[in-house]
$ cat data04.txt   # compact mmCIF, C-alpha atoms and all ligand atoms
# COMPACT_ATOMS: atom_id res chain seq x y z
CA MET A 1 -2.88 -17.10 -7.46
CA ALA A 2 0.39 -15.25 -7.17
CA GLU A 3 2.32 -14.44 -10.31
CA THR A 4 5.95 -13.41 -10.45
CA ALA A 5 6.16 -10.03 -12.11
CA ALA A 6 9.83 -9.25 -12.62
CA GLY A 7 13.41 -9.86 -11.59
CA SER A 8 14.61 -11.94 -8.67
CA GLY A 9 15.43 -11.67 -4.97
CA GLU A 10 13.25 -10.45 -2.10
CA THR A 11 9.67 -10.09 -3.20
CA THR A 12 6.91 -7.65 -2.38
CA ARG A 13 3.33 -8.90 -2.49
CA LEU A 14 1.05 -6.54 -4.43
CA THR A 15 -2.67 -7.24 -4.31
CA VAL A 16 -5.26 -5.42 -6.40
CA ILE A 17 -8.33 -5.61 -4.18
CA GLY A 18 -10.58 -3.58 -6.47
CA SER A 19 -9.87 -3.12 -10.20
CA GLY A 20 -12.97 -1.30 -11.49
CA ASP A 21 -13.67 2.36 -12.21
CA ALA A 22 -16.24 4.36 -10.27
CA PHE A 23 -19.54 3.44 -11.90
CA SER A 24 -19.33 0.69 -14.53
CA GLY A 25 -19.44 -2.28 -12.17
CA SER A 26 -16.53 -3.87 -14.03
CA GLY A 27 -14.89 -4.55 -10.67
CA CYS A 28 -14.84 -3.36 -7.09
CA ASN A 29 -13.70 0.21 -6.55
CA ALA A 30 -10.07 1.18 -5.98
CA ALA A 31 -8.03 -0.45 -3.20
CA TYR A 32 -4.52 -1.90 -3.34
CA LEU A 33 -2.39 -3.70 -0.79
CA VAL A 34 1.39 -3.95 -0.38
CA ASP A 35 2.68 -6.87 1.71
CA GLU A 36 -0.66 -7.01 3.56
CA ARG A 37 0.63 -3.95 5.47
CA VAL A 38 0.10 -0.84 3.34
CA LEU A 39 -3.33 -0.10 1.88
CA ILE A 40 -3.62 2.45 -0.93
CA ASP A 41 -7.17 3.80 -1.13
CA CYS A 42 -10.25 2.14 0.29
CA GLY A 43 -13.08 2.22 -2.25
CA ALA A 44 -13.66 -1.54 -1.97
CA PRO A 45 -14.94 -3.43 1.08
CA VAL A 46 -11.41 -4.40 2.06
CA HIS A 47 -12.38 -6.04 5.35
CA ALA A 48 -14.78 -8.40 3.54
CA LEU A 49 -12.74 -9.11 0.40
CA LEU A 50 -9.33 -9.86 1.91
CA PRO A 51 -10.45 -13.05 3.70
CA ARG A 52 -11.55 -14.42 0.31
CA ALA A 53 -7.89 -14.25 -0.71
CA GLY A 54 -6.65 -15.77 2.53
CA MET A 55 -5.65 -12.40 3.97
CA SER A 56 -6.88 -10.14 6.76
CA ALA A 57 -7.27 -6.41 7.25
CA ALA A 58 -5.84 -6.85 10.74
CA SER A 59 -2.24 -6.60 9.56
CA ILE A 60 -2.61 -3.22 7.82
CA ASP A 61 -0.32 -0.63 9.46
CA LEU A 62 -0.68 2.25 7.00
CA VAL A 63 -3.48 3.57 4.81
CA LEU A 64 -2.57 6.02 2.03
CA ILE A 65 -5.32 8.09 0.41
CA THR A 66 -4.71 9.40 -3.13
CA HIS A 67 -7.66 11.81 -3.23
CA PHE A 68 -11.11 12.38 -1.79
CA HIS A 69 -13.40 10.79 -4.38
CA ALA A 70 -15.98 8.31 -3.10
CA ASP A 71 -14.77 5.37 -5.17
CA HIS A 72 -11.39 5.66 -3.44
CA THR A 73 -12.49 6.28 0.14
CA TYR A 74 -16.06 5.38 1.04
CA MET A 75 -15.26 1.95 2.51
CA LEU A 76 -12.83 3.46 5.04
CA PRO A 77 -15.45 3.65 7.84
CA MET A 78 -16.09 -0.09 7.46
CA LEU A 79 -12.39 -0.91 7.49
CA LEU A 80 -11.79 1.23 10.57
CA GLY A 81 -14.84 -0.18 12.33
CA SER A 82 -13.74 -3.71 11.51
CA ARG A 83 -10.32 -3.04 12.96
CA ALA A 84 -11.73 -1.37 16.07
CA PHE A 85 -14.67 -3.62 16.92
CA THR A 86 -14.00 -7.19 15.75
CA GLY A 87 -11.06 -8.13 17.91
CA GLU A 88 -8.70 -8.06 14.95
CA LEU A 89 -6.83 -5.07 16.33
CA ARG A 90 -3.07 -5.18 15.92
CA GLY A 91 -1.45 -2.04 17.28
CA GLY A 92 -2.05 1.42 15.90
CA LEU A 93 -2.91 2.61 12.44
CA VAL A 94 -1.39 5.45 10.42
CA ILE A 95 -3.49 7.25 7.81
CA GLY A 96 -1.63 9.39 5.29
CA GLY A 97 -2.90 11.55 2.47
CA PRO A 98 -3.12 15.06 1.04
CA PRO A 99 -3.82 18.06 3.28
CA GLY A 100 -7.34 17.71 4.67
CA THR A 101 -7.22 13.89 4.95
CA LYS A 102 -7.82 13.83 8.70
CA GLU A 103 -10.79 16.16 8.49
CA TYR A 104 -12.22 14.26 5.50
CA VAL A 105 -11.94 10.81 7.13
CA LEU A 106 -13.37 12.00 10.45
CA ARG A 107 -16.26 13.58 8.56
CA LEU A 108 -16.90 10.29 6.74
CA LEU A 109 -16.98 8.47 10.06
CA SER A 110 -19.24 10.93 11.83
CA THR A 111 -21.62 11.20 8.84
CA GLY A 112 -21.86 7.44 8.56
CA TYR A 113 -22.11 6.42 12.18
CA GLY A 114 -22.36 9.45 14.43
CA ARG A 115 -19.82 11.38 16.40
CA HIS A 116 -19.57 8.85 19.22
CA ILE A 117 -18.10 6.30 16.77
CA VAL A 118 -15.28 8.69 15.94
CA GLY A 119 -14.20 8.70 19.56
CA LEU A 120 -14.51 4.94 19.97
CA ILE A 121 -12.48 4.23 16.83
CA ASP A 122 -9.84 6.79 17.68
CA GLU A 123 -9.56 5.35 21.17
CA SER A 124 -9.22 1.78 19.88
CA LEU A 125 -6.91 2.34 16.93
CA HIS A 126 -4.70 5.14 18.26
CA LEU A 127 -4.95 6.75 14.82
CA GLU A 128 -1.92 8.70 13.64
CA TRP A 129 -2.16 11.12 10.73
CA VAL A 130 0.51 12.02 8.17
CA VAL A 131 0.10 14.88 5.71
CA LEU A 132 1.72 14.16 2.35
CA GLN A 133 2.31 16.71 -0.38
CA ASP A 134 4.19 16.92 -3.67
CA GLY A 135 7.81 15.92 -3.13
CA ALA A 136 7.24 14.20 0.22
CA ASP A 137 9.80 11.45 0.84
CA ASP A 138 9.11 9.94 4.26
CA VAL A 139 9.54 6.62 6.02
CA VAL A 140 6.12 5.74 7.43
CA ALA A 141 5.32 2.46 9.20
CA GLY A 142 8.59 1.02 7.89
CA TYR A 143 8.00 1.93 4.24
CA ARG A 144 9.55 4.69 2.17
CA VAL A 145 6.63 6.68 0.81
CA ARG A 146 7.12 9.28 -1.90
CA ALA A 147 4.25 11.50 -3.04
CA HIS A 148 3.76 13.30 -6.35
CA ALA A 149 1.00 15.80 -7.05
CA VAL A 150 -1.06 14.78 -10.08
CA VAL A 151 -3.77 16.60 -12.03
CA HIS A 152 -7.28 15.14 -11.63
CA SER A 153 -10.79 16.58 -11.54
CA THR A 154 -10.49 17.16 -7.82
CA GLY A 155 -7.60 18.44 -5.80
CA PRO A 156 -5.39 17.72 -4.07
CA SER A 157 -4.59 14.41 -5.76
CA LEU A 158 -1.43 12.37 -5.25
CA ALA A 159 0.42 9.49 -6.88
CA TYR A 160 2.64 7.42 -4.58
CA THR A 161 5.56 5.07 -4.63
CA VAL A 162 5.90 2.63 -1.75
CA GLU A 163 9.12 0.76 -1.01
CA ARG A 164 10.31 -1.60 1.70
CA ASP A 165 14.07 -1.38 2.23
CA GLY A 166 15.83 -3.28 -0.55
CA ALA A 167 12.61 -4.47 -2.17
CA ALA A 168 10.74 -3.42 -5.29
CA VAL A 169 9.32 0.07 -5.67
CA ILE A 170 5.58 -0.09 -6.27
CA GLY A 171 3.85 2.95 -7.77
CA PHE A 172 0.19 3.96 -7.64
CA SER A 173 -1.19 6.63 -9.96
CA GLY A 174 -4.43 7.36 -8.15
CA ASP A 175 -6.71 9.12 -10.63
CA THR A 176 -4.81 11.42 -12.94
CA THR A 177 -4.26 12.94 -16.33
CA LEU A 178 -0.97 12.74 -18.21
CA CYS A 179 1.11 15.11 -16.06
CA PRO A 180 4.64 15.57 -14.67
CA GLY A 181 3.80 14.09 -11.25
CA LEU A 182 2.59 10.88 -12.86
CA ARG A 183 5.75 10.64 -14.93
CA ARG A 184 7.95 11.12 -11.84
CA ALA A 185 6.14 8.30 -10.07
CA ILE A 186 6.44 5.97 -13.07
CA ALA A 187 10.13 6.76 -13.55
CA SER A 188 10.98 5.60 -10.01
CA ALA A 189 8.71 2.53 -9.93
CA ASP A 190 9.61 -1.08 -10.73
CA VAL A 191 5.89 -1.83 -11.01
CA MET A 192 3.28 0.89 -11.60
CA VAL A 193 -0.38 0.35 -10.81
CA CYS A 194 -1.87 2.87 -13.23
CA GLU A 195 -5.44 3.86 -13.81
CA CYS A 196 -6.83 3.31 -17.31
CA THR A 197 -10.42 4.49 -17.18
CA GLY A 198 -10.98 5.17 -20.87
CA TRP A 199 -10.54 2.51 -23.50
CA ASP A 200 -11.77 3.64 -26.92
CA GLY A 201 -10.83 7.29 -26.52
CA PRO A 202 -10.22 10.12 -24.05
CA THR A 203 -12.68 10.10 -21.20
CA GLU A 204 -14.21 12.78 -19.00
CA GLY A 205 -13.33 13.48 -15.37
CA GLY A 206 -9.57 13.89 -15.53
CA HIS A 207 -8.56 10.30 -16.28
CA LEU A 208 -6.14 8.37 -18.45
CA TRP A 209 -7.18 6.25 -21.41
CA ARG A 210 -5.66 3.34 -23.33
CA GLY A 211 -3.85 5.45 -25.95
CA GLU A 212 -2.02 7.38 -23.24
CA LEU A 213 -1.09 4.15 -21.46
CA GLU A 214 0.38 2.76 -24.68
CA GLN A 215 2.48 5.92 -24.91
CA LEU A 216 3.68 5.59 -21.28
CA ILE A 217 4.45 1.86 -21.65
CA ALA A 218 6.67 2.71 -24.64
CA GLU A 219 8.36 5.62 -22.81
CA TYR A 220 9.18 3.66 -19.64
CA PRO A 221 10.34 0.19 -20.71
CA ASP A 222 11.96 -0.50 -17.31
CA THR A 223 8.65 -0.10 -15.48
CA ARG A 224 6.11 -2.90 -15.50
CA PHE A 225 2.52 -1.62 -15.76
CA VAL A 226 -0.50 -3.07 -14.03
CA LEU A 227 -3.64 -1.38 -15.38
CA SER A 228 -6.56 -0.85 -13.04
CA HIS A 229 -9.55 1.47 -12.44
CA LEU A 230 -10.88 -0.18 -15.59
CA ARG A 231 -14.20 0.52 -17.25
CA THR A 232 -13.48 -1.88 -20.09
CA ARG A 233 -10.99 -4.71 -20.54
CA GLY A 234 -9.22 -5.66 -23.75
CA PRO A 235 -5.80 -6.59 -25.06
CA ILE A 236 -2.97 -4.10 -24.53
CA ALA A 237 0.64 -4.97 -25.22
CA GLY A 238 3.19 -4.75 -22.42
CA ALA A 239 0.86 -4.48 -19.43
CA ILE A 240 -0.97 -6.69 -16.97
CA LEU A 241 -4.71 -6.05 -16.79
CA ALA A 242 -5.83 -6.19 -13.18
CA HIS A 243 -8.83 -8.06 -11.85
CA ASP A 244 -10.23 -8.03 -8.33
CA LEU A 245 -7.96 -9.88 -5.88
CA LEU A 246 -5.10 -10.21 -8.35
CA SER A 247 -1.88 -10.87 -6.39
CA LEU A 248 1.63 -10.42 -7.76
CA ASP A 249 4.92 -11.28 -6.08
CA VAL A 250 7.16 -8.49 -7.31
CA SER A 251 10.95 -8.61 -7.25
CA ALA A 252 13.14 -5.53 -7.48
CA ALA A 253 14.67 -5.12 -10.92
CA ALA A 254 18.32 -6.12 -11.16
CA PRO A 255 20.49 -2.99 -10.69
CA ALA A 256 22.01 -3.35 -14.16
CA THR A 257 18.63 -2.87 -15.78
CA ARG A 258 17.27 -0.07 -13.59
ZN ZN A 301 -11.11 10.34 -8.78

$ encode --input "data04.txt" --output "C-alpha cells"
Amino acid sequence: MAETAAGSGETTRLTVIGSGDAFSGSGCNAAYLVDERVLIDCGAPVHALLPRAGMSAASIDLVLITHFHADHTYMLPMLLGSRAFTGELRGGLVIGGPPGTKEYVLRLLSTGYGRHIVGLIDESLHLEWVVLQDGADDVVAGYRVRAHAVVHSTGPSLAYTVERDGAAVIGFSGDTTLCPGLRRAIASADVMVCECTGWDGPTEGGHLWRGELEQLIAEYPDTRFVLSHLRTRGPIAGAILAHDLLSLDVSAAAPATR
C-alpha cells in the first residue's frame, strides 16, 4: 500500500525492498527502489520480490552501490541474470558506485557463475559503469545523483541523494557512522532512508543506533526519516519504520518550508 509521505505535487515512488540488517533475519537485506527505475543496493532478491508488489526489475535503468558488503550486493548476480536471460530486457543498464565497483561486480559474477556468464550478461545488458566519489553531482539515467563519502567499517562507502527533475530528493545513508557526509546527505534530502542497526545502544561494525537517529531527527526537522537496516523494531518519534516492500509516494516539500 502506498502512503503519502509529505507535501504535494509530483510524486516519487520510494520502495523499501529489504528493511533488515545483515544477520538478524528481521527483514530482507538492503535494497531500495526509486520510481521503479533506480535501485540502491541489491542485498535482497530484487527480481523475485518486486513482482509480489506488482512491480518488475525490468524497468530498472540504474543501480547504485553504497559499499561492498555482502548484505548490500550479493543478489546482484541474480538481478543481472534475470535481466539478461528472462526476456525482461529493456535497454541498457548503468551501474554506479565507489571506485572498484566494476571490478567487484564482475568478480561476484565470475565467482558465482563462471567467466562465460560475465560475457553473456555484458553482451545482453550493454553494462555502463559510473565511478562516484565524495562530492559527485552527476545526472545519470535521467536522475541527479549526488554522492557523499561516509565512515563505515569498510571503505569506500557512500551515501546518495537521488532526484528526478522537479521531484522530491530521496537520500540513502548506506551503512555509516555519524559523520559529515551523512549530515550533508540528510541536509539536502526531503526524505532520508537511514540505517538504524542498533536499538538499545551503540552497535559494532560502524553503524548508527536509535539514540543517534533521535538526535538527527531533532537536528533536521525538514527531512522526513525512513529507518531501515533494522535489527529490532520499536517506537521512535518522528520517523517511519520500514518493512519489506513498503512503498511511499513522496512529494517534494513546498519551497517555503525547505
Ligand atoms: Zn556494511

$ residues_near_ligand --input "data04.txt" --ligand "ligand ZN 301 (chain A)" --cutoff "9 Å" --atoms "all atoms listed in the file" --output "list in words"
Ala22, Thr66, His67, Phe68, His69, Ala70, Asp71, His72, His152, Ser153, Thr154, Ser157, Gly174, Asp175, Thr176, Gly205, Gly206 and His207 of chain A

$ atom_distance --input "data04.txt" --atom1 "atom CA of A:Leu106" --atom2 "atom CA of A:Gly43"
16.0 Å

$ closest_atom_pairs --input "data04.txt" --of "stretch 113-161 of chain A" --to "stretch 27-37 of chain A" --cutoff "12 Å" --atoms "all atoms listed in the file" --output "Markdown table"
| residue | atom | partner | partner_atom | distance |
| --- | --- | --- | --- | --- |
| A:Val140 | CA | A:Arg37 | CA | 11.3 |
| A:Ala141 | CA | A:Arg37 | CA | 8.8 |
| A:Gly142 | CA | A:Arg37 | CA | 9.7 |
| A:Tyr143 | CA | A:Arg37 | CA | 9.5 |
| A:Val145 | CA | A:Val34 | CA | 11.9 |
| A:Tyr160 | CA | A:Tyr32 | CA | 11.8 |
| A:Thr161 | CA | A:Val34 | CA | 10.8 |

$ residues_around --input "data04.txt" --residues "A:Arg107" --least-positions-apart "2" --cutoff "12 Å" --atoms "all atoms listed in the file" --output "count of residues only"
20

$ residues_around --input "data04.txt" --residues "A:Pro45" --least-positions-apart "5" --cutoff "8 Å" --atoms "only C-alpha atoms" --output "list in words"
Met75, Met78 and Leu79 of chain A

$ closest_residue --input "data04.txt" --among "A:Val139, A:Ala252, A:Ile60, A:Leu158" --to "A:Gly97" --atoms "only C-alpha atoms"
A:Leu158

$ axis_aligned_box --input "data04.txt" --around "stretch 10-24 of chain A" --padding-each-side "3 Å" --output "lines of an AutoDock Vina configuration file"
center_x = -3.1
center_y = -3.0
center_z = -8.3
size_x = 38.8
size_y = 20.8
size_z = 18.4

$ closest_residue --input "data04.txt" --among "A:Val16, A:Ile121, A:Val193, A:Leu127" --to "A:Asp61" --atoms "all atoms listed in the file"
A:Leu127

$ closest_residue --input "data04.txt" --among "A:Leu208, A:Ala237, A:Val63, A:Ala136" --to "A:Ile95" --atoms "only C-alpha atoms"
A:Val63

$ residues_around --input "data04.txt" --residues "A:His243" --least-positions-apart "3" --cutoff "12 Å" --atoms "only C-alpha atoms" --output "list in words"
Met1, Thr15, Val16, Ile17, Gly18, Ser19, Gly20, Asp21, Ser26, Gly27, Cys28, Asn29, Ala30, Ala31, Tyr32, Val193, Val226, Leu227, Ser228, His229, Leu230, Arg231, Thr232, Arg233, Ile240, Leu246, Ser247 and Leu248 of chain A

$ atom_distance --input "data04.txt" --atom1 "atom CA of A:Glu219" --atom2 "atom CA of A:Val250"
21.0 Å

$ atom_distance --input "data04.txt" --atom1 "atom CA of A:Gly171" --atom2 "atom CA of A:Ser82"
26.9 Å

$ residues_around --input "data04.txt" --residues "A:Ile217" --least-positions-apart "2" --cutoff "12 Å" --atoms "all atoms listed in the file" --output "PyMOL selection string"
chain A and resi 183+186-187+191-194+210-215+219-227+236-240

$ decode --input "data04.txt" --residues "stretch 124-135 of chain A" --atoms "all heavy atoms" --output "PDB file, in the first residue's frame"
ATOM      1  N   SER A 124      24.415  -8.842 -23.278  1.00  0.00           N
ATOM      2  CA  SER A 124      22.963  -8.649 -23.278  1.00  0.00           C
ATOM      3  C   SER A 124      22.555  -7.292 -22.724  1.00  0.00           C
ATOM      4  O   SER A 124      21.636  -6.653 -23.225  1.00  0.00           O
ATOM      5  CB  SER A 124      22.281  -9.731 -22.434  1.00  0.00           C
ATOM      6  OG  SER A 124      22.495 -11.002 -22.988  1.00  0.00           O
ATOM      7  N   LEU A 125      23.223  -6.866 -21.662  1.00  0.00           N
ATOM      8  CA  LEU A 125      22.762  -5.680 -20.937  1.00  0.00           C
ATOM      9  C   LEU A 125      23.476  -4.402 -21.353  1.00  0.00           C
ATOM     10  O   LEU A 125      23.064  -3.318 -20.963  1.00  0.00           O
ATOM     11  CB  LEU A 125      22.944  -5.884 -19.425  1.00  0.00           C
ATOM     12  CG  LEU A 125      22.181  -7.053 -18.807  1.00  0.00           C
ATOM     13  CD1 LEU A 125      22.341  -7.049 -17.289  1.00  0.00           C
ATOM     14  CD2 LEU A 125      20.694  -6.983 -19.146  1.00  0.00           C
ATOM     15  N   HIS A 126      24.551  -4.527 -22.139  1.00  0.00           N
ATOM     16  CA  HIS A 126      25.325  -3.337 -22.518  1.00  0.00           C
ATOM     17  C   HIS A 126      25.643  -2.511 -21.264  1.00  0.00           C
ATOM     18  O   HIS A 126      25.312  -1.327 -21.179  1.00  0.00           O
ATOM     19  CB  HIS A 126      24.571  -2.492 -23.535  1.00  0.00           C
ATOM     20  CG  HIS A 126      24.047  -3.280 -24.697  1.00  0.00           C
ATOM     21  ND1 HIS A 126      24.883  -3.831 -25.649  1.00  0.00           N
ATOM     22  CD2 HIS A 126      22.793  -3.628 -25.052  1.00  0.00           C
ATOM     23  CE1 HIS A 126      24.162  -4.474 -26.547  1.00  0.00           C
ATOM     24  NE2 HIS A 126      22.894  -4.373 -26.211  1.00  0.00           N
ATOM     25  N   LEU A 127      26.252  -3.158 -20.286  1.00  0.00           N
ATOM     26  CA  LEU A 127      26.505  -2.514 -18.999  1.00  0.00           C
ATOM     27  C   LEU A 127      27.369  -1.274 -19.178  1.00  0.00           C
ATOM     28  O   LEU A 127      28.364  -1.281 -19.902  1.00  0.00           O
ATOM     29  CB  LEU A 127      27.199  -3.487 -18.048  1.00  0.00           C
ATOM     30  CG  LEU A 127      26.378  -4.697 -17.594  1.00  0.00           C
ATOM     31  CD1 LEU A 127      27.253  -5.634 -16.769  1.00  0.00           C
ATOM     32  CD2 LEU A 127      25.164  -4.256 -16.783  1.00  0.00           C
ATOM     33  N   GLU A 128      26.957  -0.203 -18.510  1.00  0.00           N
ATOM     34  CA  GLU A 128      27.772   1.010 -18.417  1.00  0.00           C
ATOM     35  C   GLU A 128      28.130   1.192 -16.950  1.00  0.00           C
ATOM     36  O   GLU A 128      27.334   0.877 -16.061  1.00  0.00           O
ATOM     37  CB  GLU A 128      26.999   2.231 -18.907  1.00  0.00           C
ATOM     38  CG  GLU A 128      26.651   2.215 -20.387  1.00  0.00           C
ATOM     39  CD  GLU A 128      25.857   3.448 -20.764  1.00  0.00           C
ATOM     40  OE1 GLU A 128      26.217   4.544 -20.326  1.00  0.00           O
ATOM     41  OE2 GLU A 128      24.844   3.283 -21.464  1.00  0.00           O
ATOM     42  N   TRP A 129      29.314   1.738 -16.710  1.00  0.00           N
ATOM     43  CA  TRP A 129      29.812   1.873 -15.341  1.00  0.00           C
ATOM     44  C   TRP A 129      30.091   3.345 -15.039  1.00  0.00           C
ATOM     45  O   TRP A 129      30.681   4.047 -15.851  1.00  0.00           O
ATOM     46  CB  TRP A 129      31.094   1.055 -15.165  1.00  0.00           C
ATOM     47  CG  TRP A 129      30.897  -0.381 -15.523  1.00  0.00           C
ATOM     48  CD1 TRP A 129      31.076  -0.950 -16.754  1.00  0.00           C
ATOM     49  CD2 TRP A 129      30.456  -1.433 -14.654  1.00  0.00           C
ATOM     50  NE1 TRP A 129      30.781  -2.295 -16.704  1.00  0.00           N
ATOM     51  CE2 TRP A 129      30.392  -2.616 -15.425  1.00  0.00           C
ATOM     52  CE3 TRP A 129      30.118  -1.493 -13.304  1.00  0.00           C
ATOM     53  CZ2 TRP A 129      30.005  -3.842 -14.885  1.00  0.00           C
ATOM     54  CZ3 TRP A 129      29.725  -2.703 -12.762  1.00  0.00           C
ATOM     55  CH2 TRP A 129      29.678  -3.858 -13.539  1.00  0.00           C
ATOM     56  N   VAL A 130      29.697   3.792 -13.858  1.00  0.00           N
ATOM     57  CA  VAL A 130      29.943   5.166 -13.432  1.00  0.00           C
ATOM     58  C   VAL A 130      30.634   5.126 -12.077  1.00  0.00           C
ATOM     59  O   VAL A 130      30.121   4.498 -11.136  1.00  0.00           O
ATOM     60  CB  VAL A 130      28.628   5.972 -13.320  1.00  0.00           C
ATOM     61  CG1 VAL A 130      28.892   7.356 -12.765  1.00  0.00           C
ATOM     62  CG2 VAL A 130      27.940   6.062 -14.673  1.00  0.00           C
ATOM     63  N   VAL A 131      31.787   5.770 -11.988  1.00  0.00           N
ATOM     64  CA  VAL A 131      32.505   5.846 -10.705  1.00  0.00           C
ATOM     65  C   VAL A 131      32.043   7.095  -9.960  1.00  0.00           C
ATOM     66  O   VAL A 131      32.077   8.202 -10.502  1.00  0.00           O
ATOM     67  CB  VAL A 131      34.029   5.905 -10.937  1.00  0.00           C
ATOM     68  CG1 VAL A 131      34.755   6.082  -9.603  1.00  0.00           C
ATOM     69  CG2 VAL A 131      34.505   4.645 -11.642  1.00  0.00           C
ATOM     70  N   LEU A 132      31.606   6.906  -8.729  1.00  0.00           N
ATOM     71  CA  LEU A 132      31.113   8.011  -7.910  1.00  0.00           C
ATOM     72  C   LEU A 132      31.996   8.151  -6.676  1.00  0.00           C
ATOM     73  O   LEU A 132      32.336   7.159  -6.035  1.00  0.00           O
ATOM     74  CB  LEU A 132      29.660   7.755  -7.507  1.00  0.00           C
ATOM     75  CG  LEU A 132      28.685   7.691  -8.693  1.00  0.00           C
ATOM     76  CD1 LEU A 132      27.377   7.039  -8.285  1.00  0.00           C
ATOM     77  CD2 LEU A 132      28.446   9.081  -9.261  1.00  0.00           C
ATOM     78  N   GLN A 133      32.341   9.394  -6.367  1.00  0.00           N
ATOM     79  CA  GLN A 133      33.167   9.655  -5.200  1.00  0.00           C
ATOM     80  C   GLN A 133      32.570  10.825  -4.430  1.00  0.00           C
ATOM     81  O   GLN A 133      31.617  11.462  -4.886  1.00  0.00           O
ATOM     82  CB  GLN A 133      34.606   9.980  -5.622  1.00  0.00           C
ATOM     83  CG  GLN A 133      35.259   8.865  -6.432  1.00  0.00           C
ATOM     84  CD  GLN A 133      36.744   9.101  -6.640  1.00  0.00           C
ATOM     85  OE1 GLN A 133      37.511   9.047  -5.694  1.00  0.00           O
ATOM     86  NE2 GLN A 133      37.146   9.344  -7.877  1.00  0.00           N
ATOM     87  N   ASP A 134      33.157  11.132  -3.288  1.00  0.00           N
ATOM     88  CA  ASP A 134      32.654  12.220  -2.452  1.00  0.00           C
ATOM     89  C   ASP A 134      32.535  13.512  -3.261  1.00  0.00           C
ATOM     90  O   ASP A 134      33.475  13.925  -3.936  1.00  0.00           O
ATOM     91  CB  ASP A 134      33.608  12.431  -1.270  1.00  0.00           C
ATOM     92  CG  ASP A 134      33.076  13.452  -0.285  1.00  0.00           C
ATOM     93  OD1 ASP A 134      31.891  13.391   0.057  1.00  0.00           O
ATOM     94  OD2 ASP A 134      33.857  14.327   0.141  1.00  0.00           O
ATOM     95  N   GLY A 135      31.377  14.129  -3.210  1.00  0.00           N
ATOM     96  CA  GLY A 135      31.166  15.384  -3.928  1.00  0.00           C
ATOM     97  C   GLY A 135      30.648  15.216  -5.337  1.00  0.00           C
ATOM     98  O   GLY A 135      30.338  16.215  -6.001  1.00  0.00           O
TER      99      GLY A 135
END
